[in-house]
$ cat start-v2.tsv   # TSV, C-alpha atoms
chain	number	residue	atom	x	y	z
A	24	MET	CA	135.23	71.92	123.82
A	25	LYS	CA	133.62	73.44	120.72
A	26	GLN	CA	135.91	73.07	117.72
A	27	LYS	CA	136.88	76.33	116.08
A	28	LYS	CA	135.64	76.66	112.51
A	29	GLU	CA	137.86	77.85	109.71
A	30	THR	CA	135.37	79.78	107.59
A	31	ALA	CA	133.07	82.72	108.27
A	32	ILE	CA	130.14	83.60	106.03
A	33	ILE	CA	129.19	87.24	106.61
A	34	TYR	CA	125.78	88.40	105.43
A	35	ILE	CA	125.17	92.12	104.98
A	36	ILE	CA	121.81	93.87	104.57
A	37	THR	CA	120.82	97.42	105.44
A	38	LYS	CA	117.48	97.02	107.21
A	39	LEU	CA	115.62	94.03	108.68
A	40	GLU	CA	112.14	94.96	107.55
A	41	LEU	CA	109.47	92.50	106.45
A	42	GLY	CA	110.64	92.00	102.87
A	43	GLY	CA	111.73	89.14	100.66
A	44	ALA	CA	115.44	90.03	100.64
A	45	GLN	CA	115.48	90.34	104.42
A	46	LYS	CA	113.74	87.00	104.95
A	47	ILE	CA	116.15	85.23	102.62
A	48	CYS	CA	119.18	86.82	104.27
A	49	LEU	CA	117.95	85.83	107.74
A	50	SER	CA	117.07	82.38	106.53
A	51	LEU	CA	120.61	81.78	105.25
A	52	PHE	CA	122.10	83.24	108.42
A	53	ASN	CA	119.97	81.00	110.65
A	54	GLU	CA	120.18	77.86	108.53
A	55	THR	CA	123.97	77.44	108.39
A	56	PRO	CA	124.22	73.80	109.57
A	57	ILE	CA	126.19	72.98	112.69
A	58	ASP	CA	128.08	70.15	110.94
A	59	THR	CA	129.66	72.42	108.31
A	60	PRO	CA	132.97	74.29	108.59
A	61	PHE	CA	131.08	77.61	108.41
A	62	ASP	CA	130.24	80.16	111.08
A	63	SER	CA	127.64	82.69	109.98
A	64	PHE	CA	127.59	86.38	110.85
A	65	LEU	CA	125.11	89.16	110.07
A	66	ILE	CA	125.85	92.86	109.68
A	67	THR	CA	122.83	95.15	109.48
A	68	GLY	CA	121.31	98.43	110.60
A	69	PRO	CA	119.50	98.65	113.96
A	70	GLU	CA	116.03	99.31	112.49
A	71	GLY	CA	113.29	97.02	111.20
A	72	LYS	CA	110.55	94.70	112.44
A	73	LEU	CA	112.78	91.63	112.20
A	74	VAL	CA	115.55	93.00	114.46
A	75	SER	CA	114.02	91.31	117.51
A	76	GLU	CA	114.61	87.90	115.93
A	77	VAL	CA	118.39	88.32	115.98
A	78	SER	CA	119.05	90.99	118.59
A	79	THR	CA	120.48	88.56	121.17
A	80	SER	CA	122.78	86.69	118.78
A	81	PRO	CA	126.53	87.25	119.43
A	82	HIS	CA	127.12	86.85	115.68
A	83	VAL	CA	125.00	89.87	114.74
A	84	HIS	CA	126.69	93.26	114.37
A	85	PHE	CA	124.48	96.36	114.27
A	86	ILE	CA	125.87	99.46	112.57
A	87	SER	CA	123.85	102.55	113.51
A	88	ALA	CA	124.99	104.53	110.45
A	89	LEU	CA	123.83	101.77	108.07
A	90	LYS	CA	120.40	102.75	106.81
A	91	ARG	CA	118.43	101.68	103.77
A	92	GLU	CA	117.79	105.21	102.52
A	93	VAL	CA	120.69	106.96	100.81
A	94	SER	CA	121.41	110.33	102.44
A	95	GLY	CA	122.82	112.57	99.72
A	96	LEU	CA	122.73	115.55	102.09
A	97	ASN	CA	124.60	113.74	104.85
A	98	VAL	CA	127.77	112.48	103.21
A	99	TRP	CA	129.37	111.98	106.64
A	100	GLN	CA	126.61	109.50	107.59
A	101	GLU	CA	127.30	107.45	104.48
A	102	PHE	CA	131.05	107.62	105.02
A	103	LYS	CA	130.63	106.42	108.63
A	104	ALA	CA	128.56	103.47	107.42
A	105	LEU	CA	131.31	102.43	105.00
A	106	ILE	CA	134.10	102.85	107.57
A	107	SER	CA	132.13	100.89	110.17
A	108	LEU	CA	131.57	98.10	107.68
A	109	ILE	CA	135.29	97.89	106.88
A	110	HIS	CA	136.18	97.84	110.58
A	111	THR	CA	133.62	95.13	111.40
A	112	LEU	CA	134.74	92.94	108.51
A	113	ARG	CA	138.39	93.24	109.53
A	114	THR	CA	137.49	92.36	113.13
A	115	ILE	CA	135.69	89.16	112.10
A	116	LYS	CA	138.38	88.29	109.56
A	117	LYS	CA	141.08	88.09	112.26
A	118	ASP	CA	139.54	84.94	113.72
A	119	TYR	CA	139.07	82.95	110.52
A	120	GLN	CA	141.27	81.44	107.87
A	121	HIS	CA	138.64	81.94	105.15
A	122	VAL	CA	135.93	84.60	104.89
A	123	VAL	CA	133.03	85.04	102.47
A	124	VAL	CA	130.99	88.25	102.31
A	125	HIS	CA	127.48	87.82	100.95
A	126	THR	CA	125.43	91.00	100.41
A	127	HIS	CA	121.70	91.42	99.83
A	128	SER	CA	119.81	94.38	98.30
A	129	THR	CA	121.20	97.32	96.32
A	130	LYS	CA	122.73	99.65	98.91
A	131	ALA	CA	124.09	96.85	101.10
A	132	GLY	CA	125.48	95.28	97.93
A	133	ILE	CA	127.40	98.39	96.89
A	134	TYR	CA	128.69	99.29	100.36
A	135	GLY	CA	129.30	95.70	101.44
A	136	ARG	CA	131.28	94.62	98.39
A	137	LEU	CA	133.37	97.79	98.46
A	138	ALA	CA	134.08	97.34	102.18
A	139	ALA	CA	134.98	93.67	101.64
A	140	TRP	CA	137.34	94.59	98.80
A	141	ILE	CA	139.07	97.21	100.98
A	142	ALA	CA	139.24	94.68	103.85
A	143	ARG	CA	140.93	92.27	101.42
A	144	ILE	CA	138.26	89.60	101.66
A	145	PRO	CA	138.64	87.60	98.43
A	146	VAL	CA	135.16	86.07	98.07
A	147	ARG	CA	132.44	88.69	97.55
A	148	ILE	CA	128.96	87.45	96.61
A	149	HIS	CA	125.94	89.60	95.88
A	150	THR	CA	122.34	88.39	95.63
A	151	ILE	CA	120.17	90.43	93.28
A	152	HIS	CA	116.60	90.81	94.55
A	153	GLY	CA	115.70	93.07	91.66
A	154	TYR	CA	117.92	95.98	90.64
A	155	GLY	CA	118.01	99.47	92.10
A	156	PHE	CA	117.69	100.89	88.57
A	157	HIS	CA	114.52	100.49	86.51
A	158	GLN	CA	112.52	102.05	83.69
A	159	HIS	CA	110.35	104.14	86.03
A	160	GLN	CA	113.25	106.28	87.29
A	161	ARG	CA	114.40	109.64	86.07
A	162	LEU	CA	117.51	109.59	83.93
A	163	ILE	CA	120.02	111.00	86.45
A	164	PRO	CA	119.23	108.58	89.33
A	165	TRP	CA	119.15	105.74	86.80
A	166	LEU	CA	122.59	106.63	85.45
A	167	VAL	CA	124.08	107.01	88.95
A	168	ILE	CA	122.84	103.61	90.14
A	169	VAL	CA	123.85	101.85	86.92
A	170	PHE	CA	127.33	103.36	87.19
A	171	LEU	CA	127.71	102.32	90.85
A	172	GLU	CA	126.45	98.81	90.09
A	173	TRP	CA	128.78	98.56	87.08
A	174	MET	CA	131.81	99.65	89.11
A	175	THR	CA	130.94	97.30	91.97
A	176	SER	CA	130.44	94.41	89.55
A	177	LEU	CA	134.16	94.61	88.75
A	178	ILE	CA	135.02	93.59	92.34
A	179	THR	CA	132.25	90.98	92.65
A	180	THR	CA	133.34	87.36	92.76
A	181	HIS	CA	129.89	85.94	92.04
A	182	PHE	CA	126.29	87.01	91.59
A	183	VAL	CA	123.24	85.09	92.77
A	184	CYS	CA	120.00	85.80	90.89
A	185	VAL	CA	116.59	84.84	92.24
A	186	SER	CA	114.95	85.19	88.81
A	187	SER	CA	115.90	84.61	85.19
A	188	HIS	CA	114.81	88.19	84.44
A	189	ASP	CA	117.51	89.57	86.76
A	190	ALA	CA	120.05	87.26	85.14
A	191	ASP	CA	119.13	88.60	81.68
A	192	ILE	CA	119.58	92.19	82.83
A	193	GLY	CA	122.91	91.35	84.44
A	194	ARG	CA	124.22	89.88	81.20
A	195	GLN	CA	123.24	93.07	79.38
A	196	PHE	CA	124.83	95.54	81.80
A	197	PHE	CA	127.79	93.99	83.57
A	198	PRO	CA	131.08	92.59	82.23
A	199	ARG	CA	131.68	88.84	82.62
A	200	PHE	CA	128.31	88.47	84.36
A	201	ALA	CA	127.41	85.41	82.29
A	202	LYS	CA	130.45	83.55	83.64
A	203	LYS	CA	130.03	84.45	87.28
A	204	HIS	CA	126.38	84.12	88.22
A	205	SER	CA	124.07	81.40	89.50
A	206	LEU	CA	120.28	81.13	89.58
A	207	ILE	CA	119.23	80.19	93.12
A	208	ARG	CA	115.59	80.66	93.99
A	209	ALA	CA	114.49	82.50	97.12
A	210	ALA	CA	113.02	79.91	99.48
A	211	VAL	CA	109.72	80.21	101.29
A	212	ASP	CA	108.50	78.39	104.40
A	213	THR	CA	107.09	75.32	102.63
A	214	TYR	CA	106.38	73.48	105.87
A	215	ARG	CA	103.56	75.88	106.69
A	216	MET	CA	102.00	76.01	103.25
A	217	ILE	CA	98.72	74.09	103.42
A	218	PRO	CA	96.49	74.40	100.34
A	219	ALA	CA	93.07	75.73	101.32
A	220	TYR	CA	90.79	74.27	98.67
A	221	THR	CA	87.88	73.49	101.00
A	222	THR	CA	87.67	76.85	102.74
A	223	SER	CA	87.97	78.98	99.63
A	224	LEU	CA	85.58	77.00	97.46
A	225	LYS	CA	82.97	76.95	100.23
A	226	ASN	CA	83.19	80.73	100.63
A	227	PHE	CA	82.89	81.17	96.87
A	228	ASP	CA	79.69	79.14	96.98
A	229	HIS	CA	78.35	81.52	99.63
A	230	GLY	CA	78.87	84.53	97.42
A	231	GLU	CA	82.13	85.96	98.73
A	232	PHE	CA	85.37	86.26	96.77
A	233	ILE	CA	88.46	87.69	98.47
A	234	PHE	CA	91.43	89.07	96.57
A	235	GLY	CA	94.54	89.32	98.72
A	236	SER	CA	97.85	91.11	98.39
A	237	ILE	CA	101.07	91.43	100.40
A	238	ALA	CA	103.09	94.56	99.70
A	239	CYS	CA	104.87	97.47	101.31
A	240	PHE	CA	103.08	100.78	100.78
A	241	LYS	CA	105.75	102.33	98.58
A	242	PRO	CA	105.81	103.60	94.98
A	243	GLN	CA	107.42	100.34	93.85
A	244	LYS	CA	104.28	98.34	94.65
A	245	ASN	CA	102.03	100.85	92.89
A	246	LEU	CA	99.00	99.95	95.02
A	247	ILE	CA	96.86	102.75	93.64
A	248	ASP	CA	96.54	100.76	90.41
A	249	LEU	CA	95.36	97.75	92.39
A	250	LEU	CA	92.76	99.85	94.21
A	251	GLN	CA	91.45	101.27	90.93
A	252	ALA	CA	91.26	97.82	89.35
A	253	PHE	CA	89.43	96.44	92.36
A	254	GLU	CA	86.95	99.33	92.35
A	255	GLN	CA	86.04	98.48	88.77
A	256	ALA	CA	85.69	94.78	89.56
A	257	HIS	CA	83.70	95.47	92.73
A	258	HIS	CA	81.27	97.68	90.82
A	259	LEU	CA	80.30	94.68	88.67
A	260	LEU	CA	80.72	92.03	91.37
A	261	PRO	CA	79.70	93.52	94.74
A	262	TYR	CA	80.56	90.28	96.56
A	263	THR	CA	84.28	90.80	95.95
A	264	LYS	CA	86.58	92.04	98.69
A	265	LEU	CA	90.23	93.13	98.81
A	266	GLU	CA	92.57	92.54	101.75
A	267	ILE	CA	96.11	93.91	101.83
A	268	ILE	CA	98.88	92.97	104.25
A	269	GLY	CA	101.57	95.62	104.50
A	270	ASP	CA	102.34	99.16	105.54
A	271	GLY	CA	104.51	102.12	104.61
A	272	ILE	CA	104.74	105.81	103.82
A	273	LEU	CA	101.79	105.78	101.38
A	274	ARG	CA	99.27	104.42	103.88
A	275	PRO	CA	97.55	107.78	104.59
A	276	HIS	CA	97.15	108.38	100.85
A	277	LEU	CA	95.70	104.92	100.27
A	278	GLU	CA	93.33	105.21	103.24
A	279	GLN	CA	92.08	108.56	101.96
A	280	TRP	CA	91.47	107.07	98.50
A	281	ILE	CA	89.50	104.19	100.02
A	282	ARG	CA	87.33	106.60	102.02
A	283	GLU	CA	86.71	108.90	99.07
A	284	HIS	CA	85.54	105.96	96.94
A	285	ASN	CA	83.28	104.53	99.68
A	286	LEU	CA	85.13	101.21	99.81
A	287	THR	CA	85.91	101.04	103.55
A	288	THR	CA	83.68	97.97	103.99
A	289	SER	CA	85.17	96.19	100.97
A	290	ILE	CA	88.91	96.95	101.31
A	291	THR	CA	90.83	96.11	104.47
A	292	LEU	CA	94.43	97.14	105.23
A	293	TYR	CA	95.82	94.80	107.89
A	294	GLY	CA	99.28	96.29	108.35
A	295	TRP	CA	102.30	94.00	108.58
A	296	GLN	CA	101.59	90.49	109.83
A	297	HIS	CA	104.32	88.09	110.99
A	298	ASP	CA	102.15	85.10	110.07
A	299	VAL	CA	100.41	85.44	106.69
A	300	GLN	CA	99.31	81.81	106.44
A	301	PRO	CA	95.81	82.30	107.94
A	302	PHE	CA	95.17	85.01	105.36
A	303	LEU	CA	96.43	82.95	102.42
A	304	ALA	CA	94.29	80.05	103.64
A	305	ARG	CA	91.05	82.00	103.21
A	306	TRP	CA	91.86	84.18	100.21
A	307	HIS	CA	90.56	83.08	96.84
A	308	ALA	CA	93.15	84.79	94.64
A	309	PHE	CA	96.36	86.78	94.98
A	310	THR	CA	96.97	90.06	93.17
A	311	LEU	CA	99.90	92.44	92.76
A	312	SER	CA	100.50	95.65	90.79
A	313	SER	CA	104.26	96.19	91.24
A	314	LEU	CA	106.27	98.26	88.78
A	315	TRP	CA	109.63	96.67	89.59
A	316	GLU	CA	110.46	93.40	91.33
A	317	GLY	CA	112.96	90.59	91.55
A	318	LEU	CA	110.72	87.61	92.14
A	319	PRO	CA	108.28	88.26	95.03
A	320	CYS	CA	108.20	85.45	97.60
A	321	ALA	CA	104.52	86.23	98.12
A	322	ILE	CA	103.79	85.01	94.58
A	323	VAL	CA	105.37	81.65	95.39
A	324	GLU	CA	103.53	81.42	98.70
A	325	ALA	CA	100.26	82.15	96.93
A	326	ARG	CA	100.84	79.32	94.45
A	327	MET	CA	101.79	76.95	97.24
A	328	HIS	CA	98.29	77.66	98.52
A	329	HIS	CA	97.01	77.07	94.97
A	330	LEU	CA	95.71	80.62	94.68
A	331	PRO	CA	95.37	81.97	91.13
A	332	VAL	CA	97.58	85.03	90.73
A	333	VAL	CA	96.43	88.18	88.92
A	334	CYS	CA	99.21	90.71	88.47
A	335	TYR	CA	101.33	92.89	86.24
A	336	ASP	CA	104.02	91.19	84.17
A	337	THR	CA	106.89	92.53	86.26
A	338	GLY	CA	110.43	91.29	86.91
A	339	GLY	CA	110.75	87.54	87.37
A	340	ILE	CA	107.07	86.82	88.01
A	341	LYS	CA	106.90	84.91	84.71
A	342	ASP	CA	109.25	82.33	86.23
A	343	VAL	CA	106.31	81.19	88.35
A	344	ILE	CA	103.12	82.48	86.76
A	345	ILE	CA	102.11	81.13	83.34
A	346	HIS	CA	99.38	83.25	81.81
A	347	GLY	CA	96.15	81.28	81.52
A	348	LYS	CA	97.55	78.30	83.44
A	349	ASN	CA	97.97	79.32	87.09
A	350	GLY	CA	97.24	83.03	86.84
A	351	LEU	CA	96.67	86.00	84.58
A	352	LEU	CA	99.26	88.62	83.61
A	353	CYS	CA	98.91	92.02	82.01
A	354	ALA	CA	101.11	94.94	81.04
A	355	GLN	CA	102.24	97.39	83.71
A	356	LYS	CA	99.95	100.36	84.30
A	357	ASP	CA	97.06	98.68	82.46
A	358	TRP	CA	94.83	98.54	85.51
A	359	ASN	CA	91.74	98.23	83.31
A	360	GLN	CA	93.08	94.89	82.07
A	361	LEU	CA	93.95	93.97	85.64
A	362	ALA	CA	90.32	94.64	86.57
A	363	HIS	CA	89.16	92.55	83.60
A	364	HIS	CA	91.25	89.60	84.85
A	365	MET	CA	89.89	90.01	88.38
A	366	ILE	CA	86.35	89.96	87.05
A	367	ALA	CA	87.09	86.90	84.91
A	368	ILE	CA	88.18	84.66	87.76
A	369	ALA	CA	85.70	86.00	90.33
A	370	SER	CA	82.70	85.46	88.03
A	371	ASP	CA	83.52	82.08	86.47
A	372	LYS	CA	83.86	79.30	89.02
A	373	ASP	CA	85.04	76.72	86.47
A	374	TYR	CA	87.76	79.01	85.13
A	375	TYR	CA	88.82	79.89	88.66
A	376	HIS	CA	89.06	76.22	89.60
A	377	GLN	CA	91.09	75.48	86.44
A	378	LEU	CA	93.67	78.09	87.46
A	379	ARG	CA	93.80	76.75	91.02
A	380	ILE	CA	94.49	73.13	90.20
A	381	HIS	CA	97.41	73.74	87.83
A	382	HIS	CA	100.41	71.75	89.04
A	383	ASP	CA	103.37	74.02	89.83
A	384	ASP	CA	106.90	72.66	90.12
A	385	LEU	CA	108.16	74.67	93.08
A	386	LYS	CA	110.89	72.35	94.41
A	387	ASP	CA	113.54	75.00	93.74
A	388	PHE	CA	111.84	77.29	96.25
A	389	GLU	CA	112.22	74.88	99.17
A	390	GLN	CA	114.46	75.90	102.07
A	391	SER	CA	116.60	72.77	101.84
A	392	THR	CA	117.29	73.40	98.14
A	393	MET	CA	118.28	77.02	98.65
A	394	THR	CA	120.53	76.25	101.62
A	395	SER	CA	122.21	73.33	99.86
A	396	LEU	CA	122.96	75.36	96.72
A	397	HIS	CA	124.47	78.19	98.75
A	398	LYS	CA	126.68	75.79	100.72
A	399	LYS	CA	127.98	74.32	97.46
A	400	LEU	CA	128.57	77.79	96.02
A	401	TYR	CA	130.56	78.92	99.08
A	402	ALA	CA	132.69	75.77	98.98
A	403	THR	CA	133.33	76.09	95.24
A	404	LEU	CA	134.35	79.74	95.38
A	405	LEU	CA	136.59	79.21	98.41
A	406	SER	CA	138.25	76.28	96.66
A	407	GLN	CA	138.89	78.39	93.57
A	408	LYS	CA	140.42	81.20	95.61
A	409	SER	CA	142.76	78.83	97.47
A	410	THR	CA	144.20	77.27	94.29
$ encode --input "start-v2.tsv" --output "structure tokens"
Amino acid sequence: MKQKKETAIIYIITKLELGGAQKICLSLFNETPIDTPFDSFLITGPEGKLVSEVSTSPHVHFISALKREVSGLNVWQEFKALISLIHTLRTIKKDYQHVVVHTHSTKAGIYGRLAAWIARIPVRIHTIHGYGFHQHQRLIPWLVIVFLEWMTSLITTHFVCVSSHDADIGRQFFPRFAKKHSLIRAAVDTYRMIPAYTTSLKNFDHGEFIFGSIACFKPQKNLIDLLQAFEQAHHLLPYTKLEIIGDGILRPHLEQWIREHNLTTSITLYGWQHDVQPFLARWHAFTLSSLWEGLPCAIVEARMHHLPVVCYDTGGIKDVIIHGKNGLLCAQKDWNQLAHHMIAIASDKDYYHQLRIHHDDLKDFEQSTMTSLHKKLYATLLSQKST
């Protein structure tokens, strides 16, 4: 007979789309070892490309009212989401002596921690994958999100940051943040990361240089800057190409821009891909033009393939990319400088190779490290609450 476990770890995220926060949340949910006293549960909305991976699990609870977008016009929808969360948490809580709620992403973090507090669950953890407030917002939305995050921070037991940049912001904005946060990197699938030196260098010799990017087609990723930078680089170096994995609401706009600038044979939009490794294996460099980020997993994956990274200096990217060592950084919105960096590595084989061979210490991004640190955190916080 299967022995009943005493502790439930409940992960909450709004939407299982193909994003870094979602992959980390699912990874933690799936990787809870059998030989620990933990049972893992997942509460999420019913939408997203990753739903099929967990749809048959008895430990997954779908809440139809839980959506990523905030509906200011439909207050009842938001209220239903909160009530459903509280009810689901109380239902799971009945069967366990100890319960931990661990939220991911901004909206799930606010709703999930509030619901856990109302359900009288004492351990409430929130992982910050970049903040919902940033310098590119208008003042009113910025103030509203900061206020909600500040209020929710008062009922948060512990914060997990994936980047030192997020930790710095937390210390500035939230009371007692310095004493109740940990830096735990977001893991990537290291077992499938095979450096592609031979393929890429051979293609470079044959006069082709491929820049690659992985991003959702939303304002956050600011892909129009990347397209403009590439156009400038391609004008000087016609052998360059750009391939982008991703999709989203801005796709029609981006496709129109590509057509209008006669770049349909040089820029390819592949849509979302479940397996990005074949792409990383033949790309020569990785590029990103985001305006706000936590620490993109795609940056780490690119470096595990020894791809030089050319991107804006956004969020926690500096934790991985050292300018002039394994990539090139520039200020946000300076797409001319981004183009200059793209030209630099695509026209100078020696410089490109120098950036590729830099040794990165990425042990903290391994799955085993992330899982182990979370297990220790759960045990520590539960021990503190029981004393």
$ atom_distance --input "start-v2.tsv" --atom1 "CA of Ala210 in chain A" --atom2 "CA of Leu351 in chain A"
22.9 Å
$ residues_near_point --input "start-v2.tsv" --point "(85.5, 100.1, 99.9)" --cutoff "12 Å" --atoms "all atoms listed in the file" --output "NGL selection string"
:A and (250-251 or 253-258 or 261-266 or 277-292)
$ atom_distance --input "start-v2.tsv" --atom1 "CA of Phe102 in chain A" --atom2 "CA of Val124 in chain A"
19.6 Å
$ residues_near_point --input "start-v2.tsv" --point "(121.0, 79.8, 100.6)" --cutoff "9 Å" --atoms "all atoms listed in the file" --output "VMD selection string"
chain A and resid 47 to 48 50 to 52 54 to 55 207 to 210 390 to 398
$ atom_distance --input "start-v2.tsv" --atom1 "CA of Ala139 in chain A" --atom2 "CA of His121 in chain A"
12.8 Å
$ residues_around --input "start-v2.tsv" --residues "Leu137 in chain A" --least-positions-apart "5" --cutoff "12 Å" --atoms "only C-alpha atoms" --output "number ranges by chain"
A: 35, 104-106, 108-109, 112, 124-126, 130-132, 142-149, 171-172, 174-180
$ build_atoms --input "start-v2.tsv" --residues "range 76-87 of chain A" --atoms "N, CA and C atoms" --output "compact mmCIF listing (two decimals), keeping the file's coordinate frame"
# COMPACT_ATOMS: atom_id res chain seq x y z
N GLU A 76 114.32 89.31 116.15
CA GLU A 76 114.61 87.90 115.93
C GLU A 76 116.09 87.57 116.07
N VAL A 77 116.95 88.58 115.95
CA VAL A 77 118.39 88.32 115.98
C VAL A 77 119.13 89.18 117.00
N SER A 78 118.41 89.98 117.74
CA SER A 78 119.05 90.99 118.59
C SER A 78 119.94 90.40 119.69
N THR A 79 119.69 89.16 120.09
CA THR A 79 120.48 88.56 121.17
C THR A 79 121.62 87.68 120.65
N SER A 80 121.74 87.55 119.34
CA SER A 80 122.78 86.69 118.78
C SER A 80 124.16 87.37 118.87
N PRO A 81 125.17 86.66 119.36
CA PRO A 81 126.53 87.25 119.43
C PRO A 81 127.17 87.40 118.05
N HIS A 82 126.56 86.78 117.02
CA HIS A 82 127.12 86.85 115.68
C HIS A 82 126.44 87.92 114.82
N VAL A 83 125.66 88.77 115.46
CA VAL A 83 125.00 89.87 114.74
C VAL A 83 125.66 91.18 115.14
N HIS A 84 126.06 91.96 114.14
CA HIS A 84 126.69 93.26 114.37
C HIS A 84 125.78 94.36 113.82
N PHE A 85 125.33 95.25 114.69
CA PHE A 85 124.48 96.36 114.27
C PHE A 85 125.34 97.60 114.04
N ILE A 86 125.16 98.23 112.90
CA ILE A 86 125.87 99.46 112.57
C ILE A 86 124.84 100.59 112.47
N SER A 87 124.88 101.51 113.42
CA SER A 87 123.85 102.55 113.51
C SER A 87 123.80 103.44 112.28
